[in-house]
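Step one of this worksheet: look at the structure below.
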Amino acid sequence: MSTVFSEEQRDCLQELINVAMGLASDKLARFLNTFVHLQVPAIELVNSAQIPAQFEARYSNTEAALVSQGFLGNDGLRGEAIVLYQLDNAHRIAALLGYDTDSASELEMLTDISSILTTTFLNGLADQIDNSLSYSAPRVLSSRQNNVSEALQETAFHWELALKVDISYQLVDHSFNCDMLLLIPGEAVLNIQKILERILEEY
C-alpha cells in the first residue's frame with residue numbers, strides 16, 4: 001500500500017475501514033444474537049494476480065467457501081467483494097442460527113452471512129465518504145466441491161488490484177475467522193486516493 005497511498009492516506013483508509021467493520025460486527029452480533037469481538041482488521045493493497053497464491057496455503061487443506069458480491073457507486077467506485085472462510089467456521093455459525101445441515105441450507109447460510117458482512121461494511125464505508133452503493137446478488141463461487149484457488153484465479157483475472165481486509169471475529173463461544181477481498185480496477189484506486197485526500201484536507 002505504501003507505493004500507492006501516502007502514510008496519511010493509508011492511516012485515513014484504515015480508520016474508515018475500522019469504523020465500517022465495527023458496523024458490520026454490530027449487525028452480525030444482532031443477527032447471531034451474541035456478543036462479537038472484532039480485532040482491528042489488517043489491510044493491504046496487492047496485485048489481484050497475487051491473490052490465489054496468498055490464500056492457497058490457508059485454504060488448501062480444508063473445506064472452504066468463497067462468496068462474491070459486486071458493488072457499484074458514485075465517482076467510479078466499483079468492484080467485487082469476496083468473503084472467504086473455512087466451512088468449519090460456517091458450520092458453527094449455522095448451528096447458532098438453526099440452519100439444517102443439508103447443502104441447500106448451507107448455501108443459503110453462506111450467502112446470508114456474506115451479504116451481512118459485505119453490504120454492511122461497504123455501506124458503512126460509503127457513508128463516511130458521502131457515497132452510495134448498489135449491489136448484485138451474492139454468489140457462492142466455491143464450496144466443498146471446488147478448488148478455492150482456482151475460483152479465486154478465475155475471479156481475480158477480471159480485476160487489476162485487490163484490497164485485502166483480514167477479518168477476525170471472536171464470538172462468546174466460538175471463533176469466526178474470514179478474509180474479505182475487495183477486487184477493484186486501477187481507476188477506482190485513483191478515485192479512492194482523491195476521496196482520502198479530500199477528507200484529509202477537511203480535517
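Ligands are numbered from 1 in the order shown, residues from 1 within each chain, and chains are lettered A, B, ... in the order they appear in the C-alpha cells.
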
*Near stretch 132-135 of chain A, within 12 Å and counting only C-alpha atoms, which residues show up once chain neighbours fewer than 4 positions away are dropped, as number ranges by chain?*
A: 68-81, 115, 118-128, 139

For C-alpha atoms, I'd like the residues from the last selection saved as a PDB file, in the first residue's frame.
ATOM      1  CA  SER A  68     -18.833 -12.977  -4.259  1.00  0.00           C
ATOM      2  CA  GLN A  69     -20.949  -9.831  -4.453  1.00  0.00           C
ATOM      3  CA  GLY A  70     -20.492  -6.998  -6.960  1.00  0.00           C
ATOM      4  CA  PHE A  71     -20.876  -3.330  -5.970  1.00  0.00           C
ATOM      5  CA  LEU A  72     -21.202  -0.048  -7.850  1.00  0.00           C
ATOM      6  CA  GLY A  73     -21.145   3.507  -6.509  1.00  0.00           C
ATOM      7  CA  ASN A  74     -20.594   7.107  -7.492  1.00  0.00           C
ATOM      8  CA  ASP A  75     -17.248   8.653  -8.544  1.00  0.00           C
ATOM      9  CA  GLY A  76     -16.045   5.464 -10.234  1.00  0.00           C
ATOM     10  CA  LEU A  77     -16.200   3.393  -7.055  1.00  0.00           C
ATOM     11  CA  ARG A  78     -16.903  -0.178  -8.185  1.00  0.00           C
ATOM     12  CA  GLY A  79     -15.640  -3.692  -7.793  1.00  0.00           C
ATOM     13  CA  GLU A  80     -16.357  -7.121  -6.405  1.00  0.00           C
ATOM     14  CA  ALA A  81     -16.333  -8.108  -2.739  1.00  0.00           C
ATOM     15  CA  SER A 115     -24.207 -10.438   2.491  1.00  0.00           C
ATOM     16  CA  THR A 118     -20.093  -7.143   2.735  1.00  0.00           C
ATOM     17  CA  THR A 119     -23.109  -4.846   2.411  1.00  0.00           C
ATOM     18  CA  THR A 120     -22.941  -3.529   5.985  1.00  0.00           C
ATOM     19  CA  PHE A 121     -19.197  -2.974   5.715  1.00  0.00           C
ATOM     20  CA  LEU A 122     -19.369  -1.307   2.298  1.00  0.00           C
ATOM     21  CA  ASN A 123     -22.391   0.821   3.227  1.00  0.00           C
ATOM     22  CA  GLY A 124     -20.541   1.991   6.335  1.00  0.00           C
ATOM     23  CA  LEU A 125     -17.522   2.833   4.212  1.00  0.00           C
ATOM     24  CA  ALA A 126     -19.628   4.605   1.577  1.00  0.00           C
ATOM     25  CA  ASP A 127     -21.496   6.697   4.159  1.00  0.00           C
ATOM     26  CA  GLN A 128     -18.221   8.053   5.514  1.00  0.00           C
ATOM     27  CA  ARG A 139     -22.985 -15.811  -5.455  1.00  0.00           C
TER      28      ARG A 139
END

*Got a sec: who's within 10 Å of A:His91, counting only C-alpha atoms, leaving out chain neighbours fewer than 2 positions off, as a list in words?*
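The neighbour list is Gln86, Leu87, Asp88, Asn89, Ile93, Ala94, Ala95, Leu96, Leu97, Tyr99, Asp100, Thr101, Glu106, Met109 and Leu110 of chain A.
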
*asked:* DSSP on the backbone, alpha helix (DSSP H) only: what residues of chain A does that give? Format it as a ChimeraX atom specification.
replied: /A:7-32,51-59,87-97,103-128,148-156,186-202

_Could you list, as a PyMOL selection string, every residue within 10 Å of A:Gly22, counting only C-alpha atoms and ignoring same-chain residues fewer than 5 positions away?_
chain A and resi 16-17+27-28+36-41+120-121+124

Output N, CA, C and O atoms for every residue in that selection, as a PDB file, in the first residue's frame.
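Now in out-v5.pdb:
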ATOM      1  N   LEU A  16     -11.265   4.530   8.329  1.00  0.00           N
ATOM      2  CA  LEU A  16     -12.557   4.359   7.675  1.00  0.00           C
ATOM      3  C   LEU A  16     -12.985   2.893   7.693  1.00  0.00           C
ATOM      4  O   LEU A  16     -14.151   2.569   7.960  1.00  0.00           O
ATOM      5  N   ILE A  17     -12.036   2.008   7.428  1.00  0.00           N
ATOM      6  CA  ILE A  17     -12.330   0.576   7.416  1.00  0.00           C
ATOM      7  C   ILE A  17     -12.641   0.076   8.819  1.00  0.00           C
ATOM      8  O   ILE A  17     -13.541  -0.758   9.012  1.00  0.00           O
ATOM      9  N   LYS A  27     -23.869  -5.546  13.399  1.00  0.00           N
ATOM     10  CA  LYS A  27     -25.011  -6.169  12.728  1.00  0.00           C
ATOM     11  C   LYS A  27     -24.924  -7.682  12.805  1.00  0.00           C
ATOM     12  O   LYS A  27     -25.939  -8.369  12.974  1.00  0.00           O
ATOM     13  N   LEU A  28     -23.705  -8.223  12.688  1.00  0.00           N
ATOM     14  CA  LEU A  28     -23.532  -9.669  12.811  1.00  0.00           C
ATOM     15  C   LEU A  28     -23.922 -10.135  14.207  1.00  0.00           C
ATOM     16  O   LEU A  28     -24.558 -11.178  14.366  1.00  0.00           O
ATOM     17  N   VAL A  36     -20.052 -10.100  19.778  1.00  0.00           N
ATOM     18  CA  VAL A  36     -18.999 -10.308  18.787  1.00  0.00           C
ATOM     19  C   VAL A  36     -17.857  -9.330  19.063  1.00  0.00           C
ATOM     20  O   VAL A  36     -18.066  -8.121  19.103  1.00  0.00           O
ATOM     21  N   HIS A  37     -16.675  -9.870  19.268  1.00  0.00           N
ATOM     22  CA  HIS A  37     -15.481  -9.039  19.431  1.00  0.00           C
ATOM     23  C   HIS A  37     -14.720  -9.024  18.119  1.00  0.00           C
ATOM     24  O   HIS A  37     -14.445 -10.072  17.533  1.00  0.00           O
ATOM     25  N   LEU A  38     -14.377  -7.849  17.650  1.00  0.00           N
ATOM     26  CA  LEU A  38     -13.673  -7.699  16.371  1.00  0.00           C
ATOM     27  C   LEU A  38     -12.267  -7.174  16.599  1.00  0.00           C
ATOM     28  O   LEU A  38     -12.079  -6.135  17.227  1.00  0.00           O
ATOM     29  N   GLN A  39     -11.278  -7.907  16.095  1.00  0.00           N
ATOM     30  CA  GLN A  39      -9.915  -7.400  16.116  1.00  0.00           C
ATOM     31  C   GLN A  39      -9.746  -6.349  15.025  1.00  0.00           C
ATOM     32  O   GLN A  39     -10.488  -6.338  14.039  1.00  0.00           O
ATOM     33  N   VAL A  40      -8.783  -5.463  15.202  1.00  0.00           N
ATOM     34  CA  VAL A  40      -8.535  -4.430  14.194  1.00  0.00           C
ATOM     35  C   VAL A  40      -8.144  -5.109  12.890  1.00  0.00           C
ATOM     36  O   VAL A  40      -7.175  -5.876  12.843  1.00  0.00           O
ATOM     37  N   PRO A  41      -8.901  -4.893  11.817  1.00  0.00           N
ATOM     38  CA  PRO A  41      -8.594  -5.589  10.557  1.00  0.00           C
ATOM     39  C   PRO A  41      -7.311  -5.068   9.919  1.00  0.00           C
ATOM     40  O   PRO A  41      -7.074  -3.860   9.874  1.00  0.00           O
ATOM     41  N   THR A 120     -23.025  -4.415   4.816  1.00  0.00           N
ATOM     42  CA  THR A 120     -22.941  -3.529   5.985  1.00  0.00           C
ATOM     43  C   THR A 120     -21.594  -2.819   6.020  1.00  0.00           C
ATOM     44  O   THR A 120     -21.513  -1.614   6.286  1.00  0.00           O
ATOM     45  N   PHE A 121     -20.531  -3.568   5.742  1.00  0.00           N
ATOM     46  CA  PHE A 121     -19.197  -2.974   5.715  1.00  0.00           C
ATOM     47  C   PHE A 121     -19.092  -1.907   4.634  1.00  0.00           C
ATOM     48  O   PHE A 121     -18.660  -0.779   4.877  1.00  0.00           O
ATOM     49  N   GLY A 124     -21.194   1.170   5.308  1.00  0.00           N
ATOM     50  CA  GLY A 124     -20.541   1.991   6.335  1.00  0.00           C
ATOM     51  C   GLY A 124     -19.370   2.766   5.770  1.00  0.00           C
ATOM     52  O   GLY A 124     -19.131   3.926   6.138  1.00  0.00           O
TER      53      GLY A 124
END

*Rank nothing, just name the residue among A:Ala151, A:Ile129, A:Glu15, A:Pro185 nearest to A:Glu202, using only C-alpha atoms.*
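Going through A:Ala151, A:Ile129, A:Glu15, A:Pro185 one by one, the smallest distance to A:Glu202 is for A:Ile129.
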
*Rounded to one decimal place, report the atom CA of A:Cys12-atom CA of A:Phe55 distance in Å.*
26.4 Å

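Our summary of the geometry notes that atom CA of A:Ile184 is positioned 14.5 Å from atom CA of A:Gln153.
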
*Using DSSP on the backbone coordinates, identify the residues of stretch 33-203 of chain A assigned to strand (DSSP E); present them as a PyMOL selection string.*
chain A and resi 36-38+42-47+64-73+78-86+133-135+139-142+161-171+175-184

*From the list A:Ile192, A:Ile116, A:Ile82, A:Met180, which residue is nearest A:Ile167 when using only C-alpha atoms?*
A:Met180

*Using only C-alpha atoms, which residue out of A:Leu183, A:Ala162, A:Ala42, A:Leu141 lies closest to A:Met21?*
A:Ala42

*asked:* Let me make sure I understand: among A:Phe5, A:Tyr169, A:Tyr203, A:Phe35, which one has the smallest atom-to-atom distance to A:Tyr85 if we use only C-alpha atoms?
replied: A:Tyr169

*Separation of atom CA of A:Val46 from atom CA of A:Leu161, in Å and rounded to one decimal*: 5.9 Å

*For A:Gln193, list every protein, DNA or RNA residue within 8 Å, evaluated using only C-alpha atoms, and leave out those in the same chain fewer than 3 positions away; present the list as a PyMOL selection string.*
chain A and resi 5+9+189-190+196-197

*Can you work out which one of A:Lys164, A:Lys194, A:Arg58, A:Arg30 has the shortest atom-to-atom distance to A:Val148, counting only C-alpha atoms?*
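The answer is A:Arg58, which sits nearest to A:Val148.
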